[in-house]
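Novice: Got a structure for you, written out below as structure tokens; questions coming shortly.
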Protein chains: 2
Amino acid sequence: MIIPISATMHSPHSSPCGTKTAILDTAERLFAQHGFEATSLRAITAEAGANLGAVNYHFTSKDGLILAVLRRRFQPVNDHRLRLLGALEAAAGGRPLAVEAILEALLRPPLELINQASQSGWFYPRLLAYCLTDPGSYLKPLMQDEFANKTQRFHEALQHACPSLSRAEVRWRLHFTTGAFIHTAGNPQLLEVTSQGLCKASDPETVLKRIVGFCAAGFLAPGVGAEG
Amino acid sequence: MIIPISATMHSPHSSPCGTKTAILDTAERLFAQHGFEATSLRAITAEAGANLGAVNYHFTSKDGLILAVLRRRFQPVNDHRLRLLGALEAAAGGRPLAVEAILEALLRPPLELINQASQSGWFYPRLLAYCLTDPGSYLKPLMQDEFANKTQRFHEALQHACPSLSRAEVRWRLHFTTGAFIHTAGNPQLLEVTSQGLCKASDPETVLKRIVGFCAAGFLAPGVGAEG
DNA sequence: GCTTGAGTCATACGAGCGTTTGAATTATAG
DNA sequence: CTATAATTCAAACGCTCGTATGACTCAAGC
């Protein structure tokens, strides 16, 4: 936000894309805090120190800005997930993986993002929650590319790890895991408030350990008989 | 929209509160579909066949309408939950309850609402998801009354059922359960689509059985040592 | 049959929205 | 230095929003 001022380089156009990333950063924060619809371009550009027209210049439209904000985070996280899963599979050499290991490969990348970018990391799960809740049609292709397609390999790995479960059962349980994660990481202060400070969600490593333990136990439960 | 005309009884003021409940029903549907901010009073009143001013007349403001829509659903559901839990405790006579039974008392009322009102029942979990995601300050008191306070007895029952778990651990795991439920019931078509029809979320009894099985196994897992 | 009060209605207000425009400004290159 | 492209800027466009207003309509009570 605060750009260090040096003698020579602080004209308004010093950095090539300073305005662009400033808008992206501010939009990410405000979108995570208030949602897409409730955040106006005027609020974004005002806080980013940019002109209102800059959004349409750099991102064509508000929808374009939303997609740019989302893609910047989702793509690296999902790539990281697939890399971790690939490393696990390479090390196992065909043998089934432990459910805990698979779930950790799924949940560690977003939680590490939280660790790295101390504030802005928390924005990722909230943005994801808004994507799943708001049925804006313009982000359907993004969600299809980044999630529906890329989680396919996690289904296969879990199916391999839990051969006694039906394919539907694996899907259901991964769906429950996703819900537990989004609700926890997307509302980091909710549990702290409702538990009156008893639970602290501020440490991603603790969150990871607890949620993986919970969901892995759920995966290892005997399957429900019926399909559907 | 098109009002059928009968000779004697169809004057505009025939039913005493027809307009009020029509607005509530339509607002509930549109809020669940598009969220609070993205739904305009004009869209609500147009679909409800009411005048724009009727909202402010009956509900004072848009915030008042939102609160009325939420309270109409949340209150009966939460009352039902506490009644089921009370019946379980009375039947057990002081002995700890089974985790499955407690979770069923928690999740059956909203899922039965889905069963009864074939369409509009699905609106409840989506409204809940919007309440947890949108940080509108006006609904904080409602959430405090209806949830933070009323779920206290479920915490105690689960603590009693899982005496080896720390109080924080019980809170964490109930939080995960809530997330799995909201994500599943609030996005009923999401799993169907991503699983390419393999999983059908349309039957509440199936959803209940699967989610209770998953989360009860998570509760019965050995506790993580550290607090926080 | 007039009065009263609840409810409905069309209309308007000011504010905020996303987007567009064209000129002004700055960086880049010949 | 000059020409050219990239970027920023202030201003305005048309539109929709939530809310307020005052007249109108109807049922009920005396």
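The chains in the structure tokens are called A, B, ... from first to last as shown; in each chain the residues are counted from 1, and the ligands are counted from 1 in the order shown.
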What lies within 8 Å of segment 16-25 of chain C using only C-alpha atoms (C1' of nucleotides), ignoring chain neighbours under 2 positions off, as a PyMOL selection string?
Specialist: (chain A and resi 40-41+56+62) or (chain D and resi 8-9+13+16-17)
Novice: Save the residues we just selected, N, CA and C atoms (P, O5', C5', C4', C3', O3' and C1' of nucleotides), as a PDB file, in the first residue's frame?
Specialist:
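Final output, saved to out.pdb:
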```pdb
ATOM      1  N   SER A  40     -18.272  -1.681  -4.612  1.00  0.00           N
ATOM      2  CA  SER A  40     -18.361  -0.836  -5.796  1.00  0.00           C
ATOM      3  C   SER A  40     -16.967  -0.529  -6.318  1.00  0.00           C
ATOM      4  N   LEU A  41     -16.915  -0.281  -7.605  1.00  0.00           N
ATOM      5  CA  LEU A  41     -15.637   0.088  -8.210  1.00  0.00           C
ATOM      6  C   LEU A  41     -15.132   1.398  -7.634  1.00  0.00           C
ATOM      7  N   ASN A  56     -11.871  -0.123 -15.841  1.00  0.00           N
ATOM      8  CA  ASN A  56     -12.311  -0.513 -17.172  1.00  0.00           C
ATOM      9  C   ASN A  56     -11.152  -0.521 -18.166  1.00  0.00           C
ATOM     10  N   LYS A  62     -16.258  -4.786 -14.552  1.00  0.00           N
ATOM     11  CA  LYS A  62     -16.208  -5.278 -13.169  1.00  0.00           C
ATOM     12  C   LYS A  62     -16.095  -6.794 -13.149  1.00  0.00           C
TER      13      LYS A  62
ATOM     14  P    DT D   8      -2.176   3.888 -14.902  1.00  0.00           P
ATOM     15  O5'  DT D   8      -2.739   5.385 -14.851  1.00  0.00           O
ATOM     16  C5'  DT D   8      -1.848   6.470 -14.625  1.00  0.00           C
ATOM     17  C4'  DT D   8      -2.598   7.783 -14.796  1.00  0.00           C
ATOM     18  C3'  DT D   8      -3.777   7.978 -13.828  1.00  0.00           C
ATOM     19  O3'  DT D   8      -3.555   9.127 -13.035  1.00  0.00           O
ATOM     20  C1'  DT D   8      -4.370   8.571 -16.056  1.00  0.00           C
ATOM     21  P    DC D   9      -4.422   9.345 -11.720  1.00  0.00           P
ATOM     22  O5'  DC D   9      -5.531  10.352 -12.259  1.00  0.00           O
ATOM     23  C5'  DC D   9      -5.129  11.580 -12.867  1.00  0.00           C
ATOM     24  C4'  DC D   9      -6.280  12.213 -13.622  1.00  0.00           C
ATOM     25  C3'  DC D   9      -7.592  12.275 -12.849  1.00  0.00           C
ATOM     26  O3'  DC D   9      -7.715  13.550 -12.251  1.00  0.00           O
ATOM     27  C1'  DC D   9      -7.875  11.766 -15.202  1.00  0.00           C
ATOM     28  P    DC D  13     -24.487  14.596 -19.252  1.00  0.00           P
ATOM     29  O5'  DC D  13     -24.788  13.085 -19.639  1.00  0.00           O
ATOM     30  C5'  DC D  13     -24.186  12.508 -20.809  1.00  0.00           C
ATOM     31  C4'  DC D  13     -24.366  11.007 -20.778  1.00  0.00           C
ATOM     32  C3'  DC D  13     -25.762  10.568 -20.352  1.00  0.00           C
ATOM     33  O3'  DC D  13     -26.562  10.357 -21.507  1.00  0.00           O
ATOM     34  C1'  DC D  13     -24.028   9.259 -19.276  1.00  0.00           C
ATOM     35  P    DT D  16     -32.781  -0.010 -15.625  1.00  0.00           P
ATOM     36  O5'  DT D  16     -32.482  -0.168 -14.063  1.00  0.00           O
ATOM     37  C5'  DT D  16     -31.288  -0.794 -13.641  1.00  0.00           C
ATOM     38  C4'  DT D  16     -31.068  -0.549 -12.164  1.00  0.00           C
ATOM     39  C3'  DT D  16     -32.310  -0.826 -11.306  1.00  0.00           C
ATOM     40  O3'  DT D  16     -32.001  -1.816 -10.339  1.00  0.00           O
ATOM     41  C1'  DT D  16     -31.313   1.257 -10.747  1.00  0.00           C
ATOM     42  P    DC D  17     -33.088  -2.396  -9.340  1.00  0.00           P
ATOM     43  O5'  DC D  17     -32.722  -1.650  -7.991  1.00  0.00           O
ATOM     44  C5'  DC D  17     -31.423  -1.805  -7.448  1.00  0.00           C
ATOM     45  C4'  DC D  17     -31.159  -0.765  -6.375  1.00  0.00           C
ATOM     46  C3'  DC D  17     -32.263  -0.655  -5.331  1.00  0.00           C
ATOM     47  O3'  DC D  17     -32.031  -1.592  -4.306  1.00  0.00           O
ATOM     48  C1'  DC D  17     -31.466   1.513  -6.020  1.00  0.00           C
TER      49       DC D  17
END
```
Novice: Least-squares align chain B to chain A using all Cα atoms paired by position, then dump the moved coordinates as a PDB file with C-alpha atoms, in the first residue's frame.
Specialist:
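Result went into result.pdb, see below:
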```pdb
ATOM      1  CA  MET B   1      -3.318   7.971  -0.575  1.00  0.00           C
ATOM      2  CA  ILE B   2      -0.702  10.590   0.297  1.00  0.00           C
ATOM      3  CA  ILE B   3       2.131  10.179  -2.154  1.00  0.00           C
ATOM      4  CA  PRO B   4       5.609  10.908  -0.872  1.00  0.00           C
ATOM      5  CA  ILE B   5       7.400  13.260  -3.213  1.00  0.00           C
ATOM      6  CA  SER B   6      11.015  12.622  -4.118  1.00  0.00           C
ATOM      7  CA  ALA B   7      12.978  14.758  -6.535  1.00  0.00           C
ATOM      8  CA  THR B   8      13.836  12.350  -9.315  1.00  0.00           C
ATOM      9  CA  MET B   9      11.985   9.059  -9.336  1.00  0.00           C
ATOM     10  CA  HIS B  10       8.496   9.430  -8.125  1.00  0.00           C
ATOM     11  CA  SER B  11       6.612  10.467 -11.141  1.00  0.00           C
ATOM     12  CA  PRO B  12       3.177   8.876 -11.377  1.00  0.00           C
ATOM     13  CA  HIS B  13       4.354   6.355 -13.951  1.00  0.00           C
ATOM     14  CA  SER B  14       7.475   5.114 -12.224  1.00  0.00           C
ATOM     15  CA  SER B  15       6.565   1.444 -11.911  1.00  0.00           C
ATOM     16  CA  PRO B  16       5.274  -0.366 -14.964  1.00  0.00           C
ATOM     17  CA  CYS B  17       2.301  -2.215 -13.447  1.00  0.00           C
ATOM     18  CA  GLY B  18       2.059  -0.772  -9.973  1.00  0.00           C
ATOM     19  CA  THR B  19      -1.457   0.364 -10.477  1.00  0.00           C
ATOM     20  CA  LYS B  20      -2.587  -3.004 -11.767  1.00  0.00           C
ATOM     21  CA  THR B  21      -1.342  -5.016  -8.803  1.00  0.00           C
ATOM     22  CA  ALA B  22      -2.477  -2.351  -6.354  1.00  0.00           C
ATOM     23  CA  ILE B  23      -5.976  -2.697  -7.725  1.00  0.00           C
ATOM     24  CA  LEU B  24      -5.746  -6.489  -7.592  1.00  0.00           C
ATOM     25  CA  ASP B  25      -4.566  -6.465  -3.980  1.00  0.00           C
ATOM     26  CA  THR B  26      -7.157  -3.987  -2.801  1.00  0.00           C
ATOM     27  CA  ALA B  27      -9.958  -5.659  -4.732  1.00  0.00           C
ATOM     28  CA  GLU B  28      -8.999  -9.018  -3.250  1.00  0.00           C
ATOM     29  CA  ARG B  29      -9.230  -7.639   0.258  1.00  0.00           C
ATOM     30  CA  LEU B  30     -12.503  -5.789  -0.246  1.00  0.00           C
ATOM     31  CA  PHE B  31     -14.110  -8.657  -2.166  1.00  0.00           C
ATOM     32  CA  ALA B  32     -13.205 -11.032   0.649  1.00  0.00           C
ATOM     33  CA  GLN B  33     -14.576  -8.649   3.250  1.00  0.00           C
ATOM     34  CA  HIS B  34     -17.829  -7.573   1.615  1.00  0.00           C
ATOM     35  CA  GLY B  35     -18.450  -9.788  -1.376  1.00  0.00           C
ATOM     36  CA  PHE B  36     -18.377  -8.975  -5.060  1.00  0.00           C
ATOM     37  CA  GLU B  37     -21.658  -7.121  -5.418  1.00  0.00           C
ATOM     38  CA  ALA B  38     -21.257  -5.050  -2.281  1.00  0.00           C
ATOM     39  CA  THR B  39     -17.798  -3.798  -3.284  1.00  0.00           C
ATOM     40  CA  SER B  40     -17.778  -0.832  -5.649  1.00  0.00           C
ATOM     41  CA  LEU B  41     -15.042   0.016  -8.081  1.00  0.00           C
ATOM     42  CA  ARG B  42     -14.898   3.444  -6.505  1.00  0.00           C
ATOM     43  CA  ALA B  43     -14.083   1.949  -3.114  1.00  0.00           C
ATOM     44  CA  ILE B  44     -11.395  -0.230  -4.658  1.00  0.00           C
ATOM     45  CA  THR B  45      -9.692   2.493  -6.651  1.00  0.00           C
ATOM     46  CA  ALA B  46      -9.896   4.975  -3.798  1.00  0.00           C
ATOM     47  CA  GLU B  47      -8.136   2.619  -1.389  1.00  0.00           C
ATOM     48  CA  ALA B  48      -5.664   1.506  -4.034  1.00  0.00           C
ATOM     49  CA  GLY B  49      -4.772   5.114  -4.824  1.00  0.00           C
ATOM     50  CA  ALA B  50      -5.763   4.594  -8.436  1.00  0.00           C
ATOM     51  CA  ASN B  51      -8.124   6.297 -10.793  1.00  0.00           C
ATOM     52  CA  LEU B  52     -11.593   4.923 -11.361  1.00  0.00           C
ATOM     53  CA  GLY B  53     -10.990   4.452 -15.050  1.00  0.00           C
ATOM     54  CA  ALA B  54      -7.934   2.310 -14.415  1.00  0.00           C
ATOM     55  CA  VAL B  55     -10.130  -0.700 -13.687  1.00  0.00           C
ATOM     56  CA  ASN B  56     -11.760  -0.651 -17.072  1.00  0.00           C
ATOM     57  CA  TYR B  57      -8.426   0.073 -18.707  1.00  0.00           C
ATOM     58  CA  HIS B  58      -6.587  -2.871 -17.146  1.00  0.00           C
ATOM     59  CA  PHE B  59      -9.420  -5.363 -16.628  1.00  0.00           C
ATOM     60  CA  THR B  60     -12.092  -4.280 -19.138  1.00  0.00           C
ATOM     61  CA  SER B  61     -14.943  -4.517 -16.631  1.00  0.00           C
ATOM     62  CA  LYS B  62     -15.769  -5.319 -13.042  1.00  0.00           C
ATOM     63  CA  ASP B  63     -16.373  -8.949 -13.965  1.00  0.00           C
ATOM     64  CA  GLY B  64     -12.946  -9.009 -15.560  1.00  0.00           C
ATOM     65  CA  LEU B  65     -11.422  -7.694 -12.350  1.00  0.00           C
ATOM     66  CA  ILE B  66     -13.217 -10.340 -10.288  1.00  0.00           C
ATOM     67  CA  LEU B  67     -11.978 -13.108 -12.542  1.00  0.00           C
ATOM     68  CA  ALA B  68      -8.439 -11.739 -12.451  1.00  0.00           C
ATOM     69  CA  VAL B  69      -8.504 -11.587  -8.653  1.00  0.00           C
ATOM     70  CA  LEU B  70      -9.765 -15.168  -8.418  1.00  0.00           C
ATOM     71  CA  ARG B  71      -7.480 -16.651 -11.017  1.00  0.00           C
ATOM     72  CA  ARG B  72      -4.384 -15.174  -9.398  1.00  0.00           C
ATOM     73  CA  ARG B  73      -5.027 -17.222  -6.232  1.00  0.00           C
ATOM     74  CA  PHE B  74      -6.884 -20.294  -7.410  1.00  0.00           C
ATOM     75  CA  GLN B  75      -4.453 -21.360 -10.075  1.00  0.00           C
ATOM     76  CA  PRO B  76      -1.309 -21.638  -7.907  1.00  0.00           C
ATOM     77  CA  VAL B  77      -3.205 -23.289  -5.078  1.00  0.00           C
ATOM     78  CA  ASN B  78      -4.737 -25.934  -7.295  1.00  0.00           C
ATOM     79  CA  ASP B  79      -1.457 -26.548  -9.069  1.00  0.00           C
ATOM     80  CA  HIS B  80       0.228 -27.013  -5.711  1.00  0.00           C
ATOM     81  CA  ARG B  81      -2.444 -29.493  -4.689  1.00  0.00           C
ATOM     82  CA  LEU B  82      -1.941 -31.622  -7.756  1.00  0.00           C
ATOM     83  CA  ARG B  83       1.843 -31.497  -7.306  1.00  0.00           C
ATOM     84  CA  LEU B  84       1.568 -32.761  -3.718  1.00  0.00           C
ATOM     85  CA  LEU B  85      -0.794 -35.531  -4.741  1.00  0.00           C
ATOM     86  CA  GLY B  86       1.501 -36.506  -7.579  1.00  0.00           C
ATOM     87  CA  ALA B  87       4.455 -36.703  -5.224  1.00  0.00           C
ATOM     88  CA  LEU B  88       2.500 -38.919  -2.854  1.00  0.00           C
ATOM     89  CA  GLU B  89       1.471 -41.252  -5.646  1.00  0.00           C
ATOM     90  CA  ALA B  90       4.992 -41.425  -7.026  1.00  0.00           C
ATOM     91  CA  ALA B  91       6.339 -42.339  -3.598  1.00  0.00           C
ATOM     92  CA  ALA B  92       3.677 -44.976  -3.060  1.00  0.00           C
ATOM     93  CA  GLY B  93       4.298 -46.624  -6.384  1.00  0.00           C
ATOM     94  CA  GLY B  94       0.775 -47.858  -7.036  1.00  0.00           C
ATOM     95  CA  ARG B  95      -0.178 -48.761  -3.483  1.00  0.00           C
ATOM     96  CA  PRO B  96      -3.202 -46.937  -2.061  1.00  0.00           C
ATOM     97  CA  LEU B  97      -2.438 -43.794  -0.139  1.00  0.00           C
ATOM     98  CA  ALA B  98      -3.513 -43.039   3.394  1.00  0.00           C
ATOM     99  CA  VAL B  99      -6.667 -40.942   3.558  1.00  0.00           C
ATOM    100  CA  GLU B 100      -4.941 -38.509   5.900  1.00  0.00           C
ATOM    101  CA  ALA B 101      -2.166 -37.944   3.367  1.00  0.00           C
ATOM    102  CA  ILE B 102      -4.638 -37.268   0.542  1.00  0.00           C
ATOM    103  CA  LEU B 103      -6.645 -34.823   2.603  1.00  0.00           C
ATOM    104  CA  GLU B 104      -3.478 -33.081   3.684  1.00  0.00           C
ATOM    105  CA  ALA B 105      -2.428 -32.666   0.063  1.00  0.00           C
ATOM    106  CA  LEU B 106      -5.849 -31.138  -0.587  1.00  0.00           C
ATOM    107  CA  LEU B 107      -5.938 -28.742   2.340  1.00  0.00           C
ATOM    108  CA  ARG B 108      -2.324 -27.799   2.949  1.00  0.00           C
ATOM    109  CA  PRO B 109      -1.847 -25.478  -0.059  1.00  0.00           C
ATOM    110  CA  PRO B 110      -4.644 -23.056   0.840  1.00  0.00           C
ATOM    111  CA  LEU B 111      -3.646 -23.133   4.491  1.00  0.00           C
ATOM    112  CA  GLU B 112      -0.017 -22.483   3.601  1.00  0.00           C
ATOM    113  CA  LEU B 113      -1.139 -19.514   1.564  1.00  0.00           C
ATOM    114  CA  ILE B 114      -2.674 -18.267   4.783  1.00  0.00           C
ATOM    115  CA  ASN B 115       0.627 -18.827   6.552  1.00  0.00           C
ATOM    116  CA  GLN B 116       2.719 -16.998   3.971  1.00  0.00           C
ATOM    117  CA  ALA B 117       0.715 -13.866   3.326  1.00  0.00           C
ATOM    118  CA  SER B 118      -0.179 -13.124   6.889  1.00  0.00           C
ATOM    119  CA  GLN B 119      -3.284 -11.123   6.179  1.00  0.00           C
ATOM    120  CA  SER B 120      -4.131 -11.662   2.576  1.00  0.00           C
ATOM    121  CA  GLY B 121      -3.925 -15.426   2.830  1.00  0.00           C
ATOM    122  CA  TRP B 122      -7.185 -15.481   4.705  1.00  0.00           C
ATOM    123  CA  PHE B 123      -8.859 -13.929   1.710  1.00  0.00           C
ATOM    124  CA  TYR B 124      -8.594 -17.094  -0.350  1.00  0.00           C
ATOM    125  CA  PRO B 125     -11.165 -19.226   1.433  1.00  0.00           C
ATOM    126  CA  ARG B 126     -13.572 -16.336   1.717  1.00  0.00           C
ATOM    127  CA  LEU B 127     -13.324 -15.671  -1.991  1.00  0.00           C
ATOM    128  CA  LEU B 128     -13.959 -19.341  -2.580  1.00  0.00           C
ATOM    129  CA  ALA B 129     -16.998 -19.212  -0.342  1.00  0.00           C
ATOM    130  CA  TYR B 130     -18.348 -16.261  -2.275  1.00  0.00           C
ATOM    131  CA  CYS B 131     -17.773 -18.088  -5.544  1.00  0.00           C
ATOM    132  CA  LEU B 132     -19.754 -21.084  -4.376  1.00  0.00           C
ATOM    133  CA  THR B 133     -22.553 -18.985  -2.920  1.00  0.00           C
ATOM    134  CA  ASP B 134     -22.966 -16.250  -5.502  1.00  0.00           C
ATOM    135  CA  PRO B 135     -24.380 -17.750  -8.663  1.00  0.00           C
ATOM    136  CA  GLY B 136     -22.916 -15.148 -10.998  1.00  0.00           C
ATOM    137  CA  SER B 137     -22.836 -16.869 -14.347  1.00  0.00           C
ATOM    138  CA  TYR B 138     -19.602 -15.235 -15.423  1.00  0.00           C
ATOM    139  CA  LEU B 139     -17.528 -17.296 -13.026  1.00  0.00           C
ATOM    140  CA  LYS B 140     -18.934 -20.683 -13.967  1.00  0.00           C
ATOM    141  CA  PRO B 141     -16.166 -21.378 -16.518  1.00  0.00           C
ATOM    142  CA  LEU B 142     -13.507 -20.496 -13.962  1.00  0.00           C
ATOM    143  CA  MET B 143     -14.994 -22.801 -11.363  1.00  0.00           C
ATOM    144  CA  GLN B 144     -15.335 -25.590 -13.897  1.00  0.00           C
ATOM    145  CA  ASP B 145     -11.709 -25.266 -14.991  1.00  0.00           C
ATOM    146  CA  GLU B 146     -10.138 -24.814 -11.613  1.00  0.00           C
ATOM    147  CA  PHE B 147     -12.191 -27.165  -9.472  1.00  0.00           C
ATOM    148  CA  ALA B 148     -14.550 -29.613 -11.138  1.00  0.00           C
ATOM    149  CA  ASN B 149     -11.796 -30.773 -13.445  1.00  0.00           C
ATOM    150  CA  LYS B 150      -8.816 -30.639 -11.128  1.00  0.00           C
ATOM    151  CA  THR B 151     -10.459 -32.425  -8.182  1.00  0.00           C
ATOM    152  CA  GLN B 152     -11.073 -35.467 -10.332  1.00  0.00           C
ATOM    153  CA  ARG B 153      -7.692 -36.920  -9.388  1.00  0.00           C
ATOM    154  CA  PHE B 154      -8.478 -36.524  -5.711  1.00  0.00           C
ATOM    155  CA  HIS B 155     -11.646 -38.519  -6.185  1.00  0.00           C
ATOM    156  CA  GLU B 156      -9.674 -41.306  -7.809  1.00  0.00           C
ATOM    157  CA  ALA B 157      -7.038 -41.325  -5.079  1.00  0.00           C
ATOM    158  CA  LEU B 158      -9.658 -41.445  -2.334  1.00  0.00           C
ATOM    159  CA  GLN B 159     -11.561 -44.183  -4.143  1.00  0.00           C
ATOM    160  CA  HIS B 160      -8.325 -46.127  -4.294  1.00  0.00           C
ATOM    161  CA  ALA B 161      -7.710 -45.525  -0.606  1.00  0.00           C
ATOM    162  CA  CYS B 162     -11.247 -46.538   0.406  1.00  0.00           C
ATOM    163  CA  PRO B 163     -12.106 -49.412  -1.928  1.00  0.00           C
ATOM    164  CA  SER B 164     -15.060 -50.490   0.204  1.00  0.00           C
ATOM    165  CA  LEU B 165     -16.884 -47.230  -0.439  1.00  0.00           C
ATOM    166  CA  SER B 166     -19.080 -46.668  -3.446  1.00  0.00           C
ATOM    167  CA  ARG B 167     -18.110 -43.953  -5.874  1.00  0.00           C
ATOM    168  CA  ALA B 168     -21.070 -41.878  -4.740  1.00  0.00           C
ATOM    169  CA  GLU B 169     -20.056 -42.279  -1.117  1.00  0.00           C
ATOM    170  CA  VAL B 170     -16.582 -40.942  -1.847  1.00  0.00           C
ATOM    171  CA  ARG B 171     -18.087 -37.940  -3.595  1.00  0.00           C
ATOM    172  CA  TRP B 172     -20.394 -37.240  -0.678  1.00  0.00           C
ATOM    173  CA  ARG B 173     -17.611 -37.402   1.851  1.00  0.00           C
ATOM    174  CA  LEU B 174     -15.268 -35.199  -0.142  1.00  0.00           C
ATOM    175  CA  HIS B 175     -18.160 -32.749  -0.403  1.00  0.00           C
ATOM    176  CA  PHE B 176     -18.530 -32.757   3.374  1.00  0.00           C
ATOM    177  CA  THR B 177     -14.798 -32.218   3.738  1.00  0.00           C
ATOM    178  CA  THR B 178     -14.919 -29.236   1.412  1.00  0.00           C
ATOM    179  CA  GLY B 179     -17.763 -27.750   3.398  1.00  0.00           C
ATOM    180  CA  ALA B 180     -15.968 -28.161   6.698  1.00  0.00           C
ATOM    181  CA  PHE B 181     -12.855 -26.546   5.269  1.00  0.00           C
ATOM    182  CA  ILE B 182     -14.549 -23.570   3.634  1.00  0.00           C
ATOM    183  CA  HIS B 183     -16.667 -22.880   6.671  1.00  0.00           C
ATOM    184  CA  THR B 184     -13.663 -23.019   8.963  1.00  0.00           C
ATOM    185  CA  ALA B 185     -11.092 -21.181   6.890  1.00  0.00           C
ATOM    186  CA  GLY B 186     -13.566 -18.782   5.337  1.00  0.00           C
ATOM    187  CA  ASN B 187     -14.916 -17.559   8.674  1.00  0.00           C
ATOM    188  CA  PRO B 188     -11.790 -17.609  10.789  1.00  0.00           C
ATOM    189  CA  GLN B 189     -13.193 -15.386  13.481  1.00  0.00           C
ATOM    190  CA  LEU B 190     -16.557 -17.120  13.716  1.00  0.00           C
ATOM    191  CA  LEU B 191     -15.376 -20.061  15.785  1.00  0.00           C
ATOM    192  CA  GLU B 192     -13.234 -17.870  17.980  1.00  0.00           C
ATOM    193  CA  VAL B 193     -16.188 -15.656  18.780  1.00  0.00           C
ATOM    194  CA  THR B 194     -18.800 -18.365  19.307  1.00  0.00           C
ATOM    195  CA  SER B 195     -16.411 -20.365  21.463  1.00  0.00           C
ATOM    196  CA  GLN B 196     -15.580 -17.227  23.470  1.00  0.00           C
ATOM    197  CA  GLY B 197     -11.900 -17.574  22.705  1.00  0.00           C
ATOM    198  CA  LEU B 198     -11.696 -21.239  23.560  1.00  0.00           C
ATOM    199  CA  CYS B 199     -10.737 -22.173  19.993  1.00  0.00           C
ATOM    200  CA  LYS B 200      -8.070 -20.274  18.109  1.00  0.00           C
ATOM    201  CA  ALA B 201      -8.168 -20.631  14.336  1.00  0.00           C
ATOM    202  CA  SER B 202      -5.178 -18.383  13.777  1.00  0.00           C
ATOM    203  CA  ASP B 203      -2.643 -21.190  13.397  1.00  0.00           C
ATOM    204  CA  PRO B 204      -3.078 -22.959  10.060  1.00  0.00           C
ATOM    205  CA  GLU B 205      -1.128 -26.013  11.201  1.00  0.00           C
ATOM    206  CA  THR B 206      -3.553 -26.599  14.041  1.00  0.00           C
ATOM    207  CA  VAL B 207      -6.522 -26.129  11.751  1.00  0.00           C
ATOM    208  CA  LEU B 208      -5.039 -28.591   9.286  1.00  0.00           C
ATOM    209  CA  LYS B 209      -4.397 -31.223  11.942  1.00  0.00           C
ATOM    210  CA  ARG B 210      -7.874 -30.973  13.407  1.00  0.00           C
ATOM    211  CA  ILE B 211      -9.804 -30.917  10.178  1.00  0.00           C
ATOM    212  CA  VAL B 212      -7.783 -33.735   8.618  1.00  0.00           C
ATOM    213  CA  GLY B 213      -8.301 -35.848  11.711  1.00  0.00           C
ATOM    214  CA  PHE B 214     -12.012 -35.221  11.717  1.00  0.00           C
ATOM    215  CA  CYS B 215     -12.602 -35.820   8.026  1.00  0.00           C
ATOM    216  CA  ALA B 216     -10.289 -38.807   7.722  1.00  0.00           C
ATOM    217  CA  ALA B 217     -12.274 -40.511  10.470  1.00  0.00           C
ATOM    218  CA  GLY B 218     -15.434 -39.684   8.541  1.00  0.00           C
ATOM    219  CA  PHE B 219     -13.964 -41.238   5.401  1.00  0.00           C
ATOM    220  CA  LEU B 220     -12.970 -44.408   7.205  1.00  0.00           C
ATOM    221  CA  ALA B 221     -16.467 -44.967   8.608  1.00  0.00           C
ATOM    222  CA  PRO B 222     -18.330 -47.910   7.087  1.00  0.00           C
ATOM    223  CA  GLY B 223     -20.327 -46.903   4.036  1.00  0.00           C
ATOM    224  CA  VAL B 224     -24.057 -46.317   3.989  1.00  0.00           C
ATOM    225  CA  GLY B 225     -25.680 -49.002   1.921  1.00  0.00           C
ATOM    226  CA  ALA B 226     -27.940 -47.098  -0.423  1.00  0.00           C
ATOM    227  CA  GLU B 227     -26.739 -45.233  -3.456  1.00  0.00           C
ATOM    228  CA  GLY B 228     -27.685 -41.763  -4.628  1.00  0.00           C
TER     229      GLY B 228
END
```
Novice: Among the residues of chain B, find those DSSP assigns to helix (DSSP H, G or I) from the backbone and print them as a ChimeraX atom specification.
Specialist: /B:18-34,41-48,53-59,62-92,99-116,120-133,137-148,152-161,167-186,188-194,204-220
Novice: Neighbours of DG30 of chain C within 12 Å (only C-alpha atoms (C1' of nucleotides); same-chain residues fewer than 6 positions away dropped), as a ChimeraX atom specification?
Specialist: /D:1-4
Novice: Could the residues in this selection be saved with N, CA and C atoms (P, O5', C5', C4', C3', O3' and C1' of nucleotides) as a CSV table (one decimal), in the first residue's frame?
Specialist:
```csv
chain,number,residue,atom,x,y,z
D,1,DC,P,15.0,19.2,-25.9
D,1,DC,O5',14.6,19.0,-27.5
D,1,DC,C5',15.1,19.7,-28.6
D,1,DC,C4',14.4,19.2,-29.7
D,1,DC,C3',12.9,19.3,-29.6
D,1,DC,O3',12.3,19.6,-30.9
D,1,DC,C1',13.4,17.0,-29.7
D,2,DT,P,10.8,19.9,-31.1
D,2,DT,O5',10.3,18.5,-31.7
D,2,DT,C5',11.0,17.9,-32.8
D,2,DT,C4',10.4,16.6,-33.1
D,2,DT,C3',8.8,16.6,-33.0
D,2,DT,O3',8.3,15.8,-34.1
D,2,DT,C1',9.7,14.9,-31.6
D,3,DA,P,6.8,15.9,-34.6
D,3,DA,O5',6.4,14.4,-34.6
D,3,DA,C5',7.2,13.5,-35.3
D,3,DA,C4',6.9,12.0,-34.8
D,3,DA,C3',5.4,11.7,-34.8
D,3,DA,O3',5.2,10.4,-35.3
D,3,DA,C1',6.3,11.4,-32.6
D,4,DT,P,3.8,9.8,-35.6
D,4,DT,O5',3.6,8.7,-34.5
D,4,DT,C5',4.6,7.8,-34.3
D,4,DT,C4',4.3,7.0,-33.0
D,4,DT,C3',2.8,6.7,-32.8
D,4,DT,O3',2.7,5.3,-32.5
D,4,DT,C1',3.8,7.6,-30.8
```
